[in-house]
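Raw contents of entry-v8.cif, mmCIF, C-alpha atoms:
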data_coords
#
loop_
_atom_site.label_atom_id
_atom_site.label_comp_id
_atom_site.auth_asym_id
_atom_site.auth_seq_id
_atom_site.Cartn_x
_atom_site.Cartn_y
_atom_site.Cartn_z
CA MET A 6 32.70 -44.65 -49.25
CA SER A 7 30.86 -45.49 -46.05
CA GLY A 8 31.80 -49.16 -46.39
CA ASP A 9 35.51 -48.40 -46.20
CA HIS A 10 37.49 -49.34 -43.17
CA HIS A 11 38.88 -46.27 -41.39
CA PRO A 12 42.20 -47.36 -39.94
CA SER A 13 43.23 -44.05 -38.47
CA GLU A 14 40.17 -41.80 -38.23
CA LEU A 15 41.48 -39.33 -40.78
CA SER A 16 39.43 -36.21 -41.28
CA GLU A 17 37.95 -35.51 -44.70
CA GLY A 18 40.37 -32.63 -45.13
CA GLU A 19 43.34 -34.80 -44.27
CA VAL A 20 42.28 -37.53 -46.71
CA ARG A 21 41.80 -35.08 -49.55
CA SER A 22 44.97 -33.13 -48.82
CA ARG A 23 47.14 -36.28 -48.68
CA ALA A 24 45.55 -37.69 -51.83
CA ILE A 25 46.02 -34.58 -53.94
CA GLU A 26 49.61 -34.07 -52.77
CA SER A 27 50.44 -37.70 -53.55
CA ILE A 28 48.98 -37.52 -57.03
CA LEU A 29 50.53 -34.11 -57.83
CA ARG A 30 53.95 -35.51 -56.93
CA GLU A 31 53.37 -38.68 -58.93
CA LYS A 32 52.35 -36.67 -61.99
CA GLY A 33 55.41 -34.45 -61.70
CA VAL A 34 53.51 -31.24 -60.94
CA LEU A 35 54.92 -30.90 -57.44
CA HIS A 36 58.60 -31.34 -56.58
CA GLY A 37 60.92 -31.13 -53.63
CA ALA A 38 60.40 -29.22 -50.43
CA ALA A 39 58.55 -26.09 -51.57
CA ILE A 40 55.46 -27.10 -49.57
CA ASP A 41 57.41 -27.34 -46.33
CA GLU A 42 59.21 -24.09 -47.08
CA ILE A 43 55.95 -22.19 -47.58
CA ILE A 44 54.54 -23.63 -44.35
CA ASP A 45 57.70 -22.57 -42.54
CA ILE A 46 57.54 -19.04 -44.00
CA TYR A 47 53.93 -18.47 -42.90
CA THR A 48 54.39 -20.18 -39.54
CA ASN A 49 57.69 -18.66 -38.49
CA ASP A 50 58.42 -15.55 -40.54
CA ILE A 51 55.53 -13.74 -42.20
CA GLY A 52 53.23 -12.75 -39.33
CA PRO A 53 51.80 -9.81 -37.39
CA LEU A 54 55.22 -8.73 -36.15
CA ASN A 55 55.78 -7.34 -39.65
CA GLY A 56 52.80 -5.04 -39.32
CA ALA A 57 53.76 -4.15 -35.76
CA LYS A 58 57.19 -2.96 -36.97
CA ALA A 59 55.56 -0.73 -39.58
CA ILE A 60 53.12 0.71 -37.02
CA ALA A 61 55.88 1.41 -34.49
CA ARG A 62 57.95 3.12 -37.20
CA ALA A 63 54.95 5.28 -38.15
CA TRP A 64 54.45 6.32 -34.52
CA CYS A 65 58.13 7.32 -34.21
CA ASP A 66 58.77 8.84 -37.63
CA PRO A 67 56.16 11.33 -38.96
CA GLU A 68 57.68 11.26 -42.44
CA PHE A 69 57.40 7.47 -42.58
CA LYS A 70 53.82 7.80 -41.39
CA ASP A 71 53.09 10.20 -44.26
CA ARG A 72 54.55 7.70 -46.71
CA LEU A 73 52.59 4.85 -45.09
CA MET A 74 49.32 6.72 -45.44
CA ALA A 75 50.14 7.77 -49.02
CA ASP A 76 51.38 4.38 -50.32
CA ALA A 77 51.50 1.62 -47.74
CA THR A 78 52.86 -0.96 -50.21
CA ALA A 79 55.95 1.15 -50.90
CA ALA A 80 56.35 2.24 -47.27
CA VAL A 81 56.39 -1.27 -45.78
CA ARG A 82 58.73 -2.37 -48.59
CA GLU A 83 61.28 0.03 -47.03
CA LEU A 84 61.19 -2.34 -44.05
CA GLY A 85 61.61 -5.40 -46.28
CA ILE A 86 57.93 -6.32 -45.98
CA GLY A 87 55.79 -7.34 -48.93
CA GLY A 88 54.40 -10.32 -50.76
CA PHE A 89 51.38 -12.33 -51.80
CA GLU A 90 47.97 -10.91 -50.90
CA SER A 91 49.65 -7.59 -50.11
CA GLU A 92 50.50 -6.21 -53.54
CA HIS A 93 48.22 -3.19 -52.98
CA LEU A 94 48.21 -2.22 -49.32
CA VAL A 95 46.26 0.68 -47.85
CA ALA A 96 46.70 1.78 -44.23
CA VAL A 97 43.84 3.59 -42.51
CA GLU A 98 44.28 5.44 -39.23
CA ASN A 99 42.22 5.04 -36.09
CA THR A 100 41.80 8.22 -34.02
CA ASP A 101 39.79 9.49 -31.05
CA THR A 102 36.82 10.13 -33.34
CA LEU A 103 37.15 7.56 -36.12
CA HIS A 104 37.59 3.77 -35.88
CA HIS A 105 38.18 1.38 -38.78
CA VAL A 106 37.78 -2.40 -38.82
CA ILE A 107 38.55 -4.74 -41.74
CA VAL A 108 36.65 -7.70 -43.15
CA CYS A 109 36.26 -9.65 -46.39
CA THR A 110 32.60 -10.56 -46.67
CA LEU A 111 32.93 -12.61 -49.89
CA CYS A 112 35.92 -14.77 -48.94
CA SER A 113 39.00 -14.15 -46.79
CA CYS A 114 41.06 -11.30 -48.29
CA TYR A 115 43.62 -10.17 -45.73
CA PRO A 116 47.01 -8.40 -45.83
CA TRP A 117 49.19 -11.49 -45.43
CA ALA A 118 52.56 -9.74 -45.66
CA VAL A 119 51.84 -7.43 -42.71
CA LEU A 120 49.52 -9.59 -40.58
CA GLY A 121 50.34 -13.17 -41.60
CA LEU A 122 47.56 -15.61 -42.40
CA PRO A 123 44.14 -14.68 -41.03
CA PRO A 124 42.73 -16.28 -37.89
CA ARG A 125 39.85 -18.69 -38.36
CA TRP A 126 37.20 -16.26 -37.08
CA TYR A 127 38.15 -13.79 -39.82
CA LYS A 128 37.47 -16.45 -42.48
CA ASP A 129 34.31 -17.98 -41.02
CA ALA A 130 30.79 -16.77 -41.83
CA PRO A 131 29.76 -15.29 -38.44
CA TYR A 132 32.35 -12.48 -38.39
CA ARG A 133 31.93 -11.75 -42.10
CA ALA A 134 28.14 -11.69 -41.80
CA ARG A 135 27.89 -9.56 -38.69
CA VAL A 136 30.69 -7.01 -38.65
CA VAL A 137 29.26 -5.21 -41.69
CA ARG A 138 25.82 -4.81 -40.14
CA GLU A 139 26.59 -4.40 -36.44
CA PRO A 140 30.28 -3.51 -36.05
CA ARG A 141 29.75 -1.98 -32.62
CA ALA A 142 28.21 -5.18 -31.26
CA VAL A 143 30.95 -7.33 -32.81
CA LEU A 144 33.69 -5.10 -31.40
CA GLY A 145 31.99 -5.49 -28.02
CA GLU A 146 32.42 -9.25 -28.29
CA PHE A 147 36.14 -8.65 -28.75
CA GLY A 148 36.06 -6.57 -25.55
CA THR A 149 36.18 -3.26 -27.41
CA GLU A 150 33.75 -0.62 -26.17
CA LEU A 151 33.97 2.63 -28.12
CA PRO A 152 32.30 5.88 -27.05
CA ALA A 153 29.00 6.42 -28.87
CA ASP A 154 30.34 9.45 -30.72
CA VAL A 155 33.18 7.51 -32.39
CA GLU A 156 32.36 6.92 -36.05
CA ILE A 157 32.97 3.34 -37.19
CA ARG A 158 34.00 2.56 -40.75
CA VAL A 159 34.03 -1.07 -41.84
CA MET A 160 36.50 -1.70 -44.68
CA ASP A 161 35.42 -4.63 -46.88
CA SER A 162 38.50 -5.91 -48.72
CA ASN A 163 36.89 -7.44 -51.79
CA ALA A 164 39.10 -6.22 -54.64
CA GLU A 165 42.89 -6.11 -54.97
CA VAL A 166 43.42 -3.64 -52.13
CA ARG A 167 44.26 -5.08 -48.71
CA TYR A 168 43.50 -2.72 -45.84
CA PHE A 169 45.11 -2.67 -42.43
CA ILE A 170 44.81 -0.34 -39.47
CA LEU A 171 47.23 2.16 -37.98
CA PRO A 172 46.04 1.95 -34.36
CA LYS A 173 46.08 4.82 -31.89
CA ARG A 174 49.37 4.94 -29.99
CA PRO A 175 48.77 4.04 -26.34
CA LYS A 176 49.00 6.91 -23.89
CA GLY A 177 52.02 6.52 -21.65
CA SER A 178 54.23 5.04 -24.40
CA GLU A 179 56.01 8.34 -25.09
CA GLY A 180 59.46 7.29 -23.89
CA MET A 181 59.50 3.85 -25.50
CA SER A 182 61.86 2.71 -28.24
CA GLU A 183 60.56 1.67 -31.64
CA GLU A 184 61.24 -1.96 -30.79
CA GLN A 185 59.38 -1.69 -27.48
CA LEU A 186 56.47 -0.03 -29.28
CA ALA A 187 56.32 -2.85 -31.84
CA GLY A 188 55.90 -5.20 -28.88
CA LEU A 189 52.71 -3.38 -27.91
CA VAL A 190 51.01 -3.71 -31.31
CA THR A 191 48.69 -6.69 -31.65
CA ARG A 192 47.27 -8.37 -34.72
CA ASP A 193 43.72 -7.63 -33.61
CA SER A 194 44.48 -3.91 -33.26
CA MET A 195 45.64 -3.88 -36.88
CA VAL A 196 42.46 -5.71 -37.94
CA GLY A 197 40.56 -3.11 -35.91
CA VAL A 198 38.61 -5.45 -33.63
CA THR A 199 40.52 -4.12 -30.62
CA VAL A 200 42.18 -0.88 -29.53
CA LEU A 201 45.51 -0.87 -27.74
CA PRO A 202 45.23 -0.24 -24.01
CA ASP A 203 46.86 2.86 -22.58
CA LEU A 204 49.84 2.21 -20.36
CA GLU A 205 48.88 4.65 -17.62
CA PRO A 206 45.41 3.87 -16.37
CA SER A 207 45.10 7.37 -14.87
CA ALA A 208 45.54 8.90 -18.32
CA THR A 209 42.60 6.94 -19.73
CA ALA A 210 39.97 8.19 -17.29
CA ARG A 211 37.09 9.64 -19.22
CA MET B 23 25.48 -14.44 -58.28
CA ILE B 24 23.31 -15.04 -55.25
CA GLY B 25 25.55 -17.46 -53.38
CA VAL B 26 26.17 -18.81 -49.91
CA HIS B 27 29.60 -17.16 -49.78
CA ASP B 28 27.97 -13.71 -49.95
CA VAL B 29 27.25 -13.65 -46.22
CA GLY B 30 27.48 -9.92 -45.46
CA GLY B 31 24.50 -8.92 -43.30
CA PHE B 32 23.10 -12.40 -42.57
CA HIS B 33 21.26 -12.55 -39.26
CA TYR B 34 22.07 -15.29 -36.73
CA PRO B 35 25.12 -16.80 -38.43
CA GLY B 36 26.35 -18.30 -35.16
CA PRO B 37 28.94 -17.19 -32.61
CA ILE B 38 32.29 -15.61 -33.45
CA ASP B 39 35.11 -17.66 -31.95
CA THR B 40 37.23 -14.68 -30.91
CA VAL B 41 39.84 -16.74 -29.06
CA ASP B 42 40.82 -19.11 -31.87
CA GLU B 43 44.47 -18.26 -32.54
CA ALA B 44 46.13 -21.08 -34.51
CA VAL B 45 47.21 -20.30 -38.08
CA PHE B 46 46.92 -23.97 -39.02
CA HIS B 47 44.82 -26.29 -36.89
CA ASP B 48 46.29 -29.42 -38.42
CA ASP B 49 49.19 -30.31 -40.70
CA TRP B 50 46.92 -30.89 -43.67
CA GLU B 51 45.68 -27.30 -43.50
CA GLY B 52 49.21 -25.97 -43.92
CA ARG B 53 49.97 -28.44 -46.70
CA THR B 54 46.77 -27.49 -48.52
CA MET B 55 47.50 -23.78 -48.26
CA ALA B 56 51.08 -24.27 -49.44
CA MET B 57 50.03 -26.57 -52.29
CA LEU B 58 47.89 -23.86 -53.82
CA LEU B 59 50.75 -21.36 -53.64
CA VAL B 60 53.25 -23.80 -55.13
CA VAL B 61 51.23 -25.36 -57.96
CA GLY B 62 49.04 -22.30 -58.62
CA PRO B 63 51.65 -20.52 -60.77
CA GLN B 64 51.90 -23.61 -63.00
CA GLY B 65 48.16 -23.66 -63.57
CA SER B 66 46.30 -21.48 -66.04
CA TRP B 67 43.59 -20.46 -63.58
CA SER B 68 43.14 -17.09 -61.89
CA LEU B 69 42.40 -16.34 -58.26
CA ASP B 70 38.85 -15.46 -59.32
CA GLU B 71 38.37 -18.85 -60.97
CA PHE B 72 39.66 -20.40 -57.74
CA ARG B 73 37.16 -18.35 -55.73
CA TYR B 74 34.29 -19.19 -58.09
CA GLU B 75 34.81 -22.93 -57.61
CA ILE B 76 34.42 -22.36 -53.85
CA GLU B 77 31.28 -20.31 -54.46
CA LEU B 78 29.79 -23.27 -56.34
CA MET B 79 29.97 -25.54 -53.28
CA PRO B 80 26.56 -26.77 -52.03
CA PRO B 81 25.50 -24.13 -49.45
CA ALA B 82 25.14 -26.50 -46.50
CA GLU B 83 28.56 -27.98 -47.23
CA TYR B 84 30.15 -24.53 -47.55
CA LEU B 85 28.90 -23.53 -44.12
CA GLN B 86 29.75 -26.78 -42.36
CA THR B 87 33.24 -27.51 -43.65
CA ALA B 88 36.61 -26.20 -42.46
CA TYR B 89 38.02 -23.26 -44.40
CA TYR B 90 40.79 -25.25 -46.07
CA VAL B 91 38.30 -27.89 -47.25
CA HIS B 92 36.96 -25.04 -49.42
CA TRP B 93 40.45 -24.68 -50.86
CA LEU B 94 40.69 -28.42 -51.51
CA GLU B 95 37.33 -28.43 -53.23
CA SER B 96 38.49 -25.74 -55.63
CA LEU B 97 42.06 -26.98 -56.06
CA GLU B 98 40.86 -30.48 -56.98
CA LYS B 99 38.53 -29.16 -59.67
CA LEU B 100 41.12 -26.80 -61.11
CA CYS B 101 43.81 -29.50 -61.29
CA VAL B 102 41.40 -31.83 -63.10
CA ARG B 103 40.49 -29.01 -65.51
CA GLU B 104 44.21 -28.46 -66.04
CA GLY B 105 44.49 -32.08 -67.16
CA TRP B 106 46.97 -33.06 -64.43
CA PHE B 107 44.82 -36.00 -63.32
CA SER B 108 41.25 -37.23 -63.69
CA SER B 109 38.61 -37.07 -61.00
CA GLU B 110 38.56 -40.89 -61.09
CA GLU B 111 42.27 -41.05 -60.35
CA LEU B 112 41.77 -38.65 -57.47
CA SER B 113 38.85 -40.64 -56.02
CA GLN B 114 40.93 -43.81 -56.17
CA ARG B 115 43.83 -42.10 -54.41
CA GLN B 116 41.50 -40.77 -51.71
CA ALA B 117 40.12 -44.27 -51.19
CA MET B 118 43.67 -45.58 -50.76
CA VAL B 119 44.40 -42.93 -48.14
CA ARG B 120 41.17 -43.76 -46.32
CA ARG B 121 42.06 -47.43 -46.24
CA GLY B 122 45.56 -46.66 -45.03
CA GLU B 123 47.17 -48.33 -48.06
CA PRO B 124 50.72 -47.42 -49.04
CA LEU B 125 50.66 -44.71 -51.71
CA PRO B 126 52.68 -44.98 -54.92
CA GLU B 127 56.22 -43.70 -54.64
CA PRO B 128 56.66 -40.42 -56.54
CA PRO B 129 59.30 -40.39 -59.28
CA GLU B 130 62.90 -39.62 -58.38
CA PRO B 131 63.05 -35.93 -57.44
CA ASP B 132 64.38 -33.66 -60.15
CA PRO B 133 66.74 -31.26 -58.32
CA ASP B 134 66.44 -28.50 -60.92
CA LYS B 135 62.66 -28.54 -60.88
CA ALA B 136 62.60 -28.72 -57.09
CA LYS B 137 64.90 -25.71 -56.86
CA ALA B 138 62.86 -23.74 -59.39
CA GLN B 139 59.67 -24.50 -57.50
CA SER B 140 61.17 -23.43 -54.18
CA GLU B 141 62.40 -20.18 -55.70
CA ALA B 142 59.03 -19.46 -57.29
CA ALA B 143 57.26 -20.11 -53.99
CA TRP B 144 59.69 -17.82 -52.16
CA ARG B 145 59.09 -15.05 -54.73
CA ILE B 146 55.33 -15.31 -54.27
CA ALA B 147 55.56 -15.19 -50.49
CA TYR B 148 57.94 -12.23 -50.35
CA HIS B 149 57.18 -10.34 -53.56
CA GLY B 150 53.67 -11.34 -54.53
CA VAL B 151 52.23 -11.58 -58.00
CA GLY B 152 51.28 -9.01 -60.58
CA GLN B 153 52.18 -5.38 -60.76
CA ARG B 154 50.35 -2.11 -60.81
CA ARG B 155 48.58 -1.63 -64.13
CA PRO B 156 48.56 1.62 -66.09
CA ASP B 157 45.67 3.90 -65.22
CA LEU B 158 42.64 4.02 -67.53
CA PRO B 159 40.14 6.85 -67.99
CA ARG B 160 38.00 7.23 -64.89
CA SER B 161 34.27 7.91 -64.91
CA PHE B 162 34.18 8.96 -61.26
CA LYS B 163 36.04 11.35 -58.99
CA ILE B 164 36.24 11.55 -55.23
CA GLY B 165 33.00 12.92 -53.78
CA ASP B 166 30.81 11.67 -56.65
CA ARG B 167 27.53 10.11 -55.59
CA VAL B 168 26.94 6.72 -57.16
CA ARG B 169 24.54 3.81 -57.02
CA ALA B 170 25.75 0.23 -57.19
CA ARG B 171 24.22 -1.99 -59.85
CA GLN B 172 22.79 -5.45 -59.38
CA ARG B 173 24.79 -8.55 -60.25
CA SER B 174 22.22 -11.33 -60.07
CA HIS B 175 23.50 -13.32 -63.06
CA ALA B 176 24.77 -16.76 -62.06
CA GLY B 177 28.46 -15.93 -62.46
CA HIS B 178 31.24 -14.73 -60.20
CA THR B 179 31.31 -11.10 -59.13
CA ARG B 180 32.89 -9.05 -56.36
CA LEU B 181 29.82 -6.88 -55.89
CA PRO B 182 28.16 -8.28 -52.76
CA ARG B 183 24.40 -8.43 -52.56
CA PHE B 184 24.05 -6.03 -49.62
CA ALA B 185 25.32 -3.21 -51.86
CA TRP B 186 23.03 -3.90 -54.83
CA ASN B 187 21.06 -0.80 -55.83
CA LYS B 188 22.39 1.13 -52.81
CA PRO B 189 23.64 4.72 -52.93
CA GLY B 190 27.19 5.53 -51.92
CA VAL B 191 29.96 8.09 -52.28
CA ILE B 192 33.32 7.67 -54.02
CA CYS B 193 35.98 8.18 -51.35
CA GLY B 194 39.14 6.87 -53.01
CA TYR B 195 40.76 5.53 -56.16
CA SER B 196 42.22 2.04 -55.74
CA GLY B 197 44.05 1.62 -59.05
CA THR B 198 43.17 -0.22 -62.24
CA HIS B 199 42.51 -3.93 -61.90
CA PRO B 200 41.25 -6.85 -64.03
CA LEU B 201 37.50 -7.43 -63.89
CA PRO B 202 36.63 -10.52 -61.80
CA ASP B 203 33.32 -10.93 -63.64
CA THR B 204 35.10 -11.89 -66.87
CA ILE B 205 38.33 -13.39 -65.51
CA TYR B 206 36.70 -16.26 -63.68
CA ASN B 207 35.43 -17.91 -66.85
CA ARG B 208 38.36 -16.83 -69.01
CA ARG B 209 36.54 -14.16 -70.98
CA GLY B 210 39.40 -11.73 -70.55
CA ASP B 211 41.04 -9.37 -68.09
CA ASN B 212 39.06 -6.26 -69.07
CA PRO B 213 40.87 -4.02 -66.57
CA GLU B 214 38.89 -1.13 -65.11
CA PRO B 215 39.45 1.65 -62.60
CA VAL B 216 38.45 0.56 -59.09
CA PHE B 217 37.14 2.97 -56.45
CA ALA B 218 36.61 2.82 -52.71
CA VAL B 219 32.92 3.57 -52.17
CA ARG B 220 31.44 4.42 -48.79
CA PHE B 221 27.89 3.35 -47.98
CA GLU B 222 26.18 4.72 -44.88
CA GLY B 223 24.99 2.00 -42.53
CA VAL B 224 21.44 3.33 -42.63
CA ASP B 225 21.38 3.04 -46.44
CA LEU B 226 22.49 -0.59 -46.30
CA TRP B 227 20.51 -1.80 -43.31
CA GLY B 228 17.73 0.74 -42.75
CA ASP B 229 16.32 0.80 -39.24
CA GLY B 230 18.59 -2.08 -38.25
CA ALA B 231 21.77 -0.05 -38.75
CA GLU B 232 23.90 0.98 -35.82
CA PRO B 233 24.15 4.79 -35.70
CA GLY B 234 27.39 6.34 -36.94
CA THR B 235 28.57 3.34 -38.94
CA SER B 236 29.43 2.95 -42.60
CA LEU B 237 30.92 0.39 -44.93
CA THR B 238 33.64 1.06 -47.51
CA ILE B 239 34.19 -1.39 -50.33
CA ASP B 240 36.26 -1.32 -53.52
CA LEU B 241 34.06 -1.45 -56.60
CA TRP B 242 34.97 -1.74 -60.25
CA GLN B 243 33.82 1.16 -62.41
CA SER B 244 31.20 -0.92 -64.26
CA TYR B 245 29.62 -1.95 -60.93
CA MET B 246 28.02 1.48 -60.49
CA ASP B 247 26.40 4.52 -62.06
CA HIS B 248 26.32 8.20 -61.24
CA ASP B 249 23.34 8.88 -58.99
CA ASN B 250 22.41 12.16 -57.40
CA SER B 251 19.15 11.07 -55.83
CA GLY B 252 21.00 10.75 -52.52
CA SER B 253 20.22 8.58 -49.55
CA ASP B 254 17.17 6.38 -50.00
CA VAL B 255 16.31 6.87 -46.35
CA GLU B 256 16.46 10.67 -46.57
CA ARG B 257 14.37 10.60 -49.76
CA ASP B 258 11.75 8.37 -48.14
CA GLU B 259 11.58 10.67 -45.13
CA LYS B 260 11.22 13.70 -47.39
CA GLU B 261 8.38 12.02 -49.29
CA ALA B 262 6.68 11.04 -46.04
CA ARG B 263 6.83 14.64 -44.85
CA GLY B 264 5.18 15.64 -48.15
#
Any chance you could give the structure as structure tokens?
Amino acid sequence: MSGDHHPSELSEGEVRSRAIESILREKGVLHGAAIDEIIDIYTNDIGPLNGAKAIARAWCDPEFKDRLMADATAAVRELGIGGFESEHLVAVENTDTLHHVIVCTLCSCYPWAVLGLPPRWYKDAPYRARVVREPRAVLGEFGTELPADVEIRVMDSNAEVRYFILPKRPKGSEGMSEEQLAGLVTRDSMVGVTVLPDLEPSATAR
Amino acid sequence: MIGVHDVGGFHYPGPIDTVDEAVFHDDWEGRTMAMLLVVGPQGSWSLDEFRYEIELMPPAEYLQTAYYVHWLESLEKLCVREGWFSSEELSQRQAMVRRGEPLPEPPEPDPDKAKAQSEAAWRIAYHGVGQRRPDLPRSFKIGDRVRARQRSHAGHTRLPRFAWNKPGVICGYSGTHPLPDTIYNRRGDNPEPVFAVRFEGVDLWGDGAEPGTSLTIDLWQSYMDHDNSGSDVERDEKEARG
């Protein structure tokens, strides 16, 4: 189509997306505002704050933590969290001696209901290619330096299970409310590419 | 299959853009993502068939295109297969968009259908699809040593190449799930028990492995066999010592 006039410099993705939406509507496959509603849900509602709430609850409530580790799908459902790409959730815990990080080497499997849609780096080849072979080096590029004696387990989400991380609770957060704690939890800490910083620098001295 | 999507372990794949934060980088990305969720339930395809169509992309194109172009590639093919429109109709519509021509007005919206579609989309987003299947007899238990098989036939599989013929240990049971290797081309669900299997870094990557690292991946029961020969690296060292 190189001879076509390009009136508005549309990207290939934009051309194809507009064309298929137009034709699906014309053929009566697609109706109404469902597209806009889904975009709104994944832009404004389903995101990493969901996972952060579950993590903060687990830090505050040992019985909830037990349920989260035993059946994360059921446990987060108690908080009203669940949905597509999260039908079989498994939480794994990071500790002083064991660190987990998630990936999907074959495509882009990710626990949408707890973390929202994945960032681009999670879906692109470089992260998927490298984190399985050299997780320590990749974590370093995210600013995460782990002591040499910490075991690293990479969790490749290639089947129906979607893994996410229960990060270590930051030192110095003892007096905080569950809501305040949720504010500390980042998406990347639940992917496992970062650890949460301690709140009292003196307590972190090694 | 040996495909470009199976990138685990590739050397020099390029930099990781760790600061890229946007969920959607452009409106069309969001619309593409949402379109799959909304029309998917009306189609007869599975997620594995959707993935397989992406895996069939020409390798250079796969690596050089934006993530949601992969989705478009697959969605277009699946819709044509579904009989919703022909590839010629789609090409003509794309040409109209490129030329900036006005697109045909869609038919008058049907409020009932629109409502049903919104409700279905909402259910998918907040409740997901499918339910836990009944357990089937399991060939493995936690702690069993196994060896992954090889899946070099041309079809879709969820056994990545880096694990082929490698020894690992069963470390969890992940439920019973349909077999991707027969779903993608509509040869049946064939559900099987799925297990989390841990592979030591040194067994996957040899000398290139970082010390104290491992990889855990969920594998279907038919992807592996019992194997008590242990770590290849340890065995090689033992043989070298005589």
*For the structure shown, which residues end up in the PyMOL selection byres ((chain A) within 7 of (chain B))? Put them as a ChimeraX atom specification, please?*
/A:9-12,18-22,24-25,30-32,34-40,43-44,87-90,92,110-112,122,124-126,130-135,137-139,147,156-164,166
*Step by step, work through what the PyMOL selection byres ((chain A and resi 73) around 12) selects in the shown file, and finish by giving those residues as a ChimeraX atom specification.*
/A:56,59-64,66-72,74-84,94-98,168-171
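Once the PyMOL selection byres ((chain B and resi 23) around 6) is applied to the shown structure, the selection contains B:Ile24, B:Gly25, B:Ser174, B:His175, B:Ala176, B:Gly177.
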Can I get the selection written as an mmCIF file, in the coordinates of the input, with C-alpha atoms?
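After the write, result.cif holds the following:
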data_model
loop_
_atom_site.group_PDB
_atom_site.id
_atom_site.type_symbol
_atom_site.label_atom_id
_atom_site.label_comp_id
_atom_site.auth_asym_id
_atom_site.auth_seq_id
_atom_site.Cartn_x
_atom_site.Cartn_y
_atom_site.Cartn_z
ATOM 1 C CA ILE B 24 23.310 -15.040 -55.250
ATOM 2 C CA GLY B 25 25.550 -17.460 -53.380
ATOM 3 C CA SER B 174 22.220 -11.330 -60.070
ATOM 4 C CA HIS B 175 23.500 -13.320 -63.060
ATOM 5 C CA ALA B 176 24.770 -16.760 -62.060
ATOM 6 C CA GLY B 177 28.460 -15.930 -62.460
#
*So what do you get for CA of Asp203 (chain B) versus CA of Tyr74 (chain B), distance-wise?*
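Separation between CA of Asp203 (chain B) and CA of Tyr74 (chain B): 10.0 Å.
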*For CA of Asp193 (chain A) and CA of Gly180 (chain A), quote the distance in Å rounded to one decimal.*
23.8 Å
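Our summary of the geometry notes that CA of Gly121 (chain A) is positioned 19.2 Å from CA of His105 (chain A).
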_From the options A:Leu204, A:Ile28, A:Ile46, A:Val198, which residue's atoms come nearest to Leu186 (chain A), counting only C-alpha atoms?_
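Among A:Leu204, A:Ile28, A:Ile46, A:Val198, it is A:Leu204 that comes nearest to Leu186 (chain A).
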Since the input lacks atoms, please generate N, CA and C atoms for region 161-173 of chain B and provide them as a short mmCIF file (atom, residue, chain, number, x, y, z; two decimals), keeping the file's coordinate frame.
data_model
loop_
_atom_site.label_atom_id
_atom_site.label_comp_id
_atom_site.auth_asym_id
_atom_site.auth_seq_id
_atom_site.Cartn_x
_atom_site.Cartn_y
_atom_site.Cartn_z
N SER B 161 35.59 7.30 -64.80
CA SER B 161 34.27 7.91 -64.91
C SER B 161 33.86 8.63 -63.63
N PHE B 162 34.59 8.39 -62.55
CA PHE B 162 34.18 8.96 -61.26
C PHE B 162 35.36 9.70 -60.63
N LYS B 163 35.02 10.68 -59.80
CA LYS B 163 36.04 11.35 -58.99
C LYS B 163 35.59 11.33 -57.53
N ILE B 164 36.54 11.60 -56.65
CA ILE B 164 36.24 11.55 -55.23
C ILE B 164 35.13 12.54 -54.91
N GLY B 165 34.15 12.08 -54.13
CA GLY B 165 33.00 12.92 -53.78
C GLY B 165 31.78 12.65 -54.64
N ASP B 166 31.96 11.98 -55.79
CA ASP B 166 30.81 11.67 -56.65
C ASP B 166 29.84 10.75 -55.93
N ARG B 167 28.55 11.02 -56.13
CA ARG B 167 27.53 10.11 -55.59
C ARG B 167 27.23 9.05 -56.65
N VAL B 168 27.15 7.82 -56.22
CA VAL B 168 26.94 6.72 -57.16
C VAL B 168 25.85 5.78 -56.61
N ARG B 169 25.42 4.89 -57.47
CA ARG B 169 24.54 3.81 -57.02
C ARG B 169 25.07 2.50 -57.60
N ALA B 170 25.24 1.52 -56.73
CA ALA B 170 25.75 0.23 -57.19
C ALA B 170 24.69 -0.46 -58.04
N ARG B 171 25.14 -1.22 -59.02
CA ARG B 171 24.22 -1.99 -59.85
C ARG B 171 23.87 -3.30 -59.16
N GLN B 172 23.18 -4.13 -59.90
CA GLN B 172 22.79 -5.45 -59.38
C GLN B 172 23.55 -6.50 -60.18
N ARG B 173 24.05 -7.50 -59.54
CA ARG B 173 24.79 -8.55 -60.25
C ARG B 173 24.16 -9.90 -59.94
#
